[in-house]
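Each remark here refers to the structure printed beneath this line.
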Amino acid sequence: MKGEKVPAESLPVGRVVVDVPLAHLDRPFDYLVPSTLDEAAVPGCRVRVRFAGQRVDGFLLERIAESEHKGRLEFLDRVVSSEPVLPKEMAALARAVADRYGGTMIDVLRLAIPPRHARVEAEPPPEPPATPAAADATGWRRYPRGAAFLDALGEGRRAQAVWQALPGEDWPARLAEVAATAAATGRGALLVVPDHRDVARVHAACVALAGEAAVVALSADLGPARRYRRWLAVLRGAARIVIGTRAAAFAPVAAPGVFAVWDDGDDLHSDPRSPYPHVRDVLVQRAHLSGASLLVGGFARTAEAQLLVDSGWAPEIVATRDQVRASAPRVTAIGEHESQLARDPAARAARIPLVAFDAARTALAAGHPVLVQVPRAGYVPALSCQDCRTPARCRRCAGPLALRAGTEVSPPYCRWCGAPDATFRCGTCGSRRLRAMVTGARRTAEELGRAFPDVPVHTSGASQVLSEVDSKPALVIATPGAEPVARTGYGAALLLDGWSLLGRADLRAAEEALRRWMAAAALVRPGGEGGRVVVMTESALPAVQALVRWDPAWHAAQELAARTELGFPPAVRMATVDGPAKAVATFLDELGLPPSGEILGPVPLGEEGEKERALLRVPRPDGRALAAALAATQAVRTARKEPDPVRVQLDPLDLI
DNA sequence: GCAATGAGCGTC
DNA sequence: ACGCTCATTGCT
């Protein structure tokens, strides 16, 4: 009798998602559960099965009485562990996200479920926390619809909202109030923020409101054991409030009451791994599937969030104009040829505009730090005409000219065709003088330090990020996203980043510029208390106007209207198809694009030119059909064992 | 007429 | 990466 496997008596069939990366195998496969594994094989657990002769990992979706499969069924090989790491709702979410992006469920599960750590799994689970007391949420009263949103959460009613935080807002505290309000009803809350510095701030705010035991912070940089321990704590219901970065969007929060994403325009919210889901979209899906509430917040507003508002799905939470005026710093925009240089000799040498110099000097004299936002290192070093500021273009192909990294001696070259151009002549004014916009801004920052020799200079950027600075006179040079918080607010901010940001041929250039400016300007004291912001850009641009008036909703509406007009996302849905030229051609050939769809390109991708990219575009209502067509075409390709992989990305962040 | 061999395909 | 199906080949 030894070795004779017998199917379990009750529900002998297990449906399994197998961990193979092939699109045509993206469906459950049925296996017999041997009687020996009857108890261990619980829905949602990790299993190992024989699949096409190989042993592969998988997840057991459910146990059923009978299979539809005509052929012979294999037995489950073993149950890796009985921990139900894939609850039914998570399986449904992974399926929905895969379908939305034309990807596979297993790809989504790889993003959603951290690798197992056996020893951690064996540890006794912590006690579930007591339900925290309802939070005091007076901070939300500054927003006309804020109190209503919080009331809905507190009464367990469903609500959606797009929230633009007031400048200077203690947004981690507001998010904590949202989470605590949901938690007080016995339900869970999930807050997703761009980076771990934000996780730390929001975590602290939540602990202050709801207590240490109720809150868990998830982020990818914890190491396998700690990461799995915290994730398991969430799965086992030992945390009411979960805070994390993008992978946490999938965290298995028990009985979710509210999902929130902060600063949804930050590209960190877009996962770089297939199928490239975006936190905002995942949370919209989750809110939809679970009936929980959703909050999309930030200082600025994305065109995607604007679409949620315009479609009537999410009302907006914005402060009154009076509140905005009382909170916002005074903003001045100064284009380069409008600029009057400072009279101070040091400032004059540094080519610092008078208004910027004055703003900094006044703030420092009043005892406040000054924030200087500079472009990120390694930022595309764009060149422009020294005299008229027109971007420098290649005379052959009109591509952007750039300098080789680190040198200003070798001739500029074209970033598109690679041709060097030692004898540049501006097409607009005829000048032969070039300037590097980025190095210009970095140098200004350096020279600003020299203009205030007694003031300490702190820097915060990719290599070392400061989280906070004291309320003392100092120059704080920071790249976008790395701005430290000043305890009592900055006295002034100089935004040198504008020069490089708006010159880009990116669909989101204006939105992104405004988002970064607002993130920095929101750290500055109100104008009534002397807070000033100087942005180095021509003042006529809509993004600059939106900053001056502090009106992110107006800008988002403009942006969405413009993109609707031009047929750009999110007014339409687009996809990129990348791969070797031949593979892309066959892919497009076989793609059953909805009749409303268009193909743009393909065009060569990158410098080498072997790879190409095609763009696909459909009206929003046909988005599902596009996703399905893309998935079907990938399935045909993998079934045929095509050697050349084609990368498909739906709703990509950047198109070029 | 039928076994032996191998390529191709699906994968429970 | 296994094992099944089906077509082709070669032999009686």
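Going through the structure tokens in order, the chains are called A, B, and so on, while each chain numbers its residues from 1 and the ligands are numbered from 1 in the order shown.
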Could you write out, as a PyMOL selection string, all the residues of region 104-352 of chain A that DSSP marks as strand (DSSP E or B)?
chain A and resi 160-164+188-192+215-218+241-244+256-262+270+278+293-298+316-317+330-333+341
Please save N, CA and C atoms of the selected residues as a CSV table (one decimal), in the first residue's frame.
chain,number,residue,atom,x,y,z
A,160,GLN,N,-15.0,58.5,-1.5
A,160,GLN,CA,-13.8,58.7,-2.3
A,160,GLN,C,-13.5,60.2,-2.4
A,161,ALA,N,-12.2,60.5,-2.4
A,161,ALA,CA,-11.8,61.9,-2.5
A,161,ALA,C,-10.5,62.1,-3.1
A,162,VAL,N,-10.4,63.3,-3.8
A,162,VAL,CA,-9.1,63.8,-4.3
A,162,VAL,C,-8.8,65.0,-3.5
A,163,TRP,N,-7.6,65.0,-2.8
A,163,TRP,CA,-7.3,66.0,-1.8
A,163,TRP,C,-6.1,66.8,-2.1
A,164,GLN,N,-6.2,68.1,-2.2
A,164,GLN,CA,-5.0,68.9,-2.3
A,164,GLN,C,-4.7,69.6,-1.0
A,188,GLY,N,-9.4,48.2,8.7
A,188,GLY,CA,-8.0,48.5,8.5
A,188,GLY,C,-7.8,49.7,7.6
A,189,ALA,N,-6.6,50.2,7.6
A,189,ALA,CA,-6.2,51.4,6.8
A,189,ALA,C,-4.9,51.1,6.1
A,190,LEU,N,-4.8,51.5,4.9
A,190,LEU,CA,-3.5,51.3,4.1
A,190,LEU,C,-3.1,52.7,3.5
A,191,LEU,N,-1.9,53.2,3.9
A,191,LEU,CA,-1.4,54.4,3.4
A,191,LEU,C,-0.1,54.2,2.6
A,192,VAL,N,-0.1,54.6,1.3
A,192,VAL,CA,1.0,54.4,0.5
A,192,VAL,C,1.7,55.7,0.1
A,215,VAL,N,0.1,49.8,14.4
A,215,VAL,CA,0.7,50.3,13.2
A,215,VAL,C,1.9,49.5,12.7
A,216,VAL,N,1.9,49.2,11.4
A,216,VAL,CA,3.1,48.5,10.8
A,216,VAL,C,3.6,49.3,9.6
A,217,ALA,N,4.9,49.4,9.5
A,217,ALA,CA,5.5,50.1,8.3
A,217,ALA,C,6.1,49.0,7.4
A,218,LEU,N,5.8,49.0,6.2
A,218,LEU,CA,6.4,48.1,5.2
A,218,LEU,C,7.2,48.8,4.2
A,241,ILE,N,-3.3,49.5,11.0
A,241,ILE,CA,-2.9,50.6,10.1
A,241,ILE,C,-1.5,50.2,9.4
A,242,VAL,N,-1.5,50.2,8.1
A,242,VAL,CA,-0.3,49.8,7.4
A,242,VAL,C,0.2,51.0,6.5
A,243,ILE,N,1.5,51.3,6.7
A,243,ILE,CA,2.1,52.3,5.9
A,243,ILE,C,3.2,51.7,5.0
A,244,GLY,N,3.3,52.1,3.8
A,244,GLY,CA,4.4,51.6,3.0
A,244,GLY,C,4.6,52.2,1.7
A,256,PRO,N,-10.4,46.0,5.1
A,256,PRO,CA,-9.9,47.4,4.8
A,256,PRO,C,-11.1,48.4,4.8
A,257,GLY,N,-10.8,49.5,5.5
A,257,GLY,CA,-11.8,50.6,5.5
A,257,GLY,C,-11.4,51.7,4.6
A,258,VAL,N,-10.1,52.0,4.5
A,258,VAL,CA,-9.7,53.1,3.7
A,258,VAL,C,-8.3,52.8,3.1
A,259,PHE,N,-8.1,53.2,1.8
A,259,PHE,CA,-6.9,53.2,1.1
A,259,PHE,C,-6.5,54.6,0.8
A,260,ALA,N,-5.2,55.0,0.9
A,260,ALA,CA,-4.8,56.3,0.6
A,260,ALA,C,-3.4,56.3,-0.1
A,261,VAL,N,-3.3,57.2,-1.1
A,261,VAL,CA,-2.0,57.4,-1.7
A,261,VAL,C,-1.6,58.8,-1.6
A,262,TRP,N,-0.4,59.1,-1.2
A,262,TRP,CA,0.1,60.5,-1.1
A,262,TRP,C,1.0,60.8,-2.3
A,270,SER,N,5.1,54.1,-9.5
A,270,SER,CA,5.0,53.3,-10.7
A,270,SER,C,6.0,52.1,-10.6
A,278,HIS,N,0.6,50.9,-11.3
A,278,HIS,CA,0.7,52.2,-10.6
A,278,HIS,C,-0.1,52.1,-9.3
A,293,SER,N,-13.1,52.9,1.3
A,293,SER,CA,-12.9,54.3,0.8
A,293,SER,C,-11.5,54.5,0.2
A,294,LEU,N,-11.4,55.6,-0.5
A,294,LEU,CA,-10.2,55.9,-1.2
A,294,LEU,C,-9.9,57.4,-1.1
A,295,LEU,N,-8.6,57.7,-0.8
A,295,LEU,CA,-8.1,59.1,-0.7
A,295,LEU,C,-6.9,59.2,-1.6
A,296,VAL,N,-6.9,60.1,-2.6
A,296,VAL,CA,-5.8,60.4,-3.4
A,296,VAL,C,-5.3,61.8,-3.1
A,297,GLY,N,-4.2,62.0,-2.5
A,297,GLY,CA,-3.8,63.3,-2.0
A,297,GLY,C,-2.4,63.7,-2.4
A,298,GLY,N,-2.2,65.0,-2.3
A,298,GLY,CA,-0.9,65.6,-2.6
A,298,GLY,C,-1.0,67.1,-2.6
A,316,GLU,N,-13.7,66.5,-4.8
A,316,GLU,CA,-12.4,67.0,-4.4
A,316,GLU,C,-12.5,67.6,-3.0
A,317,ILE,N,-11.4,67.5,-2.3
A,317,ILE,CA,-11.2,68.2,-1.0
A,317,ILE,C,-10.2,69.2,-1.2
A,330,ARG,N,4.6,83.8,-0.5
A,330,ARG,CA,4.5,84.7,-1.6
A,330,ARG,C,5.5,84.2,-2.7
A,331,VAL,N,4.9,84.0,-3.9
A,331,VAL,CA,5.7,83.4,-5.0
A,331,VAL,C,6.0,84.4,-6.1
A,332,THR,N,7.3,84.5,-6.5
A,332,THR,CA,7.7,85.4,-7.6
A,332,THR,C,8.4,84.5,-8.6
A,333,ALA,N,8.0,84.7,-9.9
A,333,ALA,CA,8.7,84.0,-11.0
A,333,ALA,C,9.6,85.0,-11.7
A,341,LEU,N,20.1,91.8,-11.9
A,341,LEU,CA,21.0,91.1,-11.0
A,341,LEU,C,21.2,92.0,-9.7
Do me a favour and pick out the residues of chain A within 7 Å of chain C, using only C-alpha atoms (C1' of nucleotides), as a PDB file with C-alpha atoms, in the first residue's frame.
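What landed in result11.pdb:
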ATOM      1  CA  ALA A  52       5.095  19.508 -17.603  1.00  0.00           C
ATOM      2  CA  GLY A  53       7.580  17.220 -15.940  1.00  0.00           C
ATOM      3  CA  GLN A  54       9.169  19.947 -13.833  1.00  0.00           C
TER       4      GLN A  54
END
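Shortest atom-to-atom contact with DT11 (chain B) among A:Leu25, A:Arg425, A:Val13, A:Val548: A:Leu25, counting only C-alpha atoms (C1' of nucleotides).
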Any idea which chain B residues end up within 9 Å of chain A if we count only C-alpha atoms (C1' of nucleotides), as a count of residues only please?
4
Pick from A:Ala152, A:Leu605, A:Leu650, A:Val372: nearest to Pro580 (chain A), with only C-alpha atoms counted?
A:Leu605
Could you tell me how far CA of Gly481 (chain A) sits from CA of Pro369 (chain A), in Å to one decimal place?
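Taking CA of Pro369 (chain A) as the start and CA of Gly481 (chain A) as the end point, the length is 17.7 Å.
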Atomic distance CA of Val199 (chain A) - CA of Ala254 (chain A), expressed in Å with one decimal
20.0 Å
Thr302 (chain A) proximity check over A:Arg325, A:Arg174, A:Arg515, A:Arg286, using only C-alpha atoms: winner is A:Arg515
Could you find all residues in region 266-384 of chain A that DSSP calls helix (DSSP H, G or I) from the backbone, and write them as a PyMOL selection string?
chain A and resi 267-269+279-290+303-310+321-327+336-338+345-349+354-365
Same residues, C-alpha atoms, saved as a tab-separated table (two decimals), in the first residue's frame:
chain	number	residue	atom	x	y	z
A	267	ASP	CA	7.10	58.32	-10.39
A	268	LEU	CA	8.15	56.08	-7.48
A	269	HIS	CA	4.50	55.00	-7.38
A	279	VAL	CA	-0.20	52.53	-6.90
A	280	ARG	CA	-3.11	54.85	-7.63
A	281	ASP	CA	-4.65	52.38	-10.06
A	282	VAL	CA	-4.11	49.42	-7.75
A	283	LEU	CA	-5.80	51.26	-4.90
A	284	VAL	CA	-8.69	52.35	-7.13
A	285	GLN	CA	-9.15	48.67	-8.04
A	286	ARG	CA	-8.94	47.59	-4.40
A	287	ALA	CA	-11.40	50.20	-3.25
A	288	HIS	CA	-13.71	49.04	-6.01
A	289	LEU	CA	-13.38	45.34	-5.18
A	290	SER	CA	-13.58	45.70	-1.41
A	303	ALA	CA	-4.25	64.80	-14.65
A	304	GLU	CA	-5.23	61.26	-13.62
A	305	ALA	CA	-6.62	62.51	-10.31
A	306	GLN	CA	-8.40	65.26	-12.21
A	307	LEU	CA	-10.07	62.56	-14.29
A	308	LEU	CA	-11.35	60.92	-11.08
A	309	VAL	CA	-12.85	64.29	-10.14
A	310	ASP	CA	-14.26	65.10	-13.58
A	321	ARG	CA	-9.24	80.55	-1.46
A	322	ASP	CA	-9.02	82.51	1.81
A	323	GLN	CA	-7.36	79.59	3.54
A	324	VAL	CA	-4.97	79.15	0.63
A	325	ARG	CA	-4.02	82.83	0.68
A	326	ALA	CA	-3.41	82.68	4.40
A	327	SER	CA	-1.17	79.62	4.15
A	336	GLU	CA	16.28	85.03	-17.02
A	337	HIS	CA	16.07	88.11	-19.16
A	338	GLU	CA	13.54	89.72	-16.87
A	345	PRO	CA	29.17	92.37	-5.60
A	346	ALA	CA	29.25	88.72	-4.54
A	347	ALA	CA	25.71	88.14	-5.75
A	348	ARG	CA	26.46	89.97	-8.97
A	349	ALA	CA	29.40	87.65	-9.60
A	354	LEU	CA	18.05	90.53	-7.17
A	355	VAL	CA	14.72	89.15	-5.97
A	356	ALA	CA	16.28	85.80	-5.15
A	357	PHE	CA	19.16	87.39	-3.32
A	358	ASP	CA	16.83	89.65	-1.36
A	359	ALA	CA	14.48	86.82	-0.45
A	360	ALA	CA	17.35	84.73	0.84
A	361	ARG	CA	18.97	87.61	2.74
A	362	THR	CA	15.72	88.63	4.41
A	363	ALA	CA	14.89	85.07	5.46
A	364	LEU	CA	18.36	84.46	6.86
A	365	ALA	CA	18.29	87.76	8.75
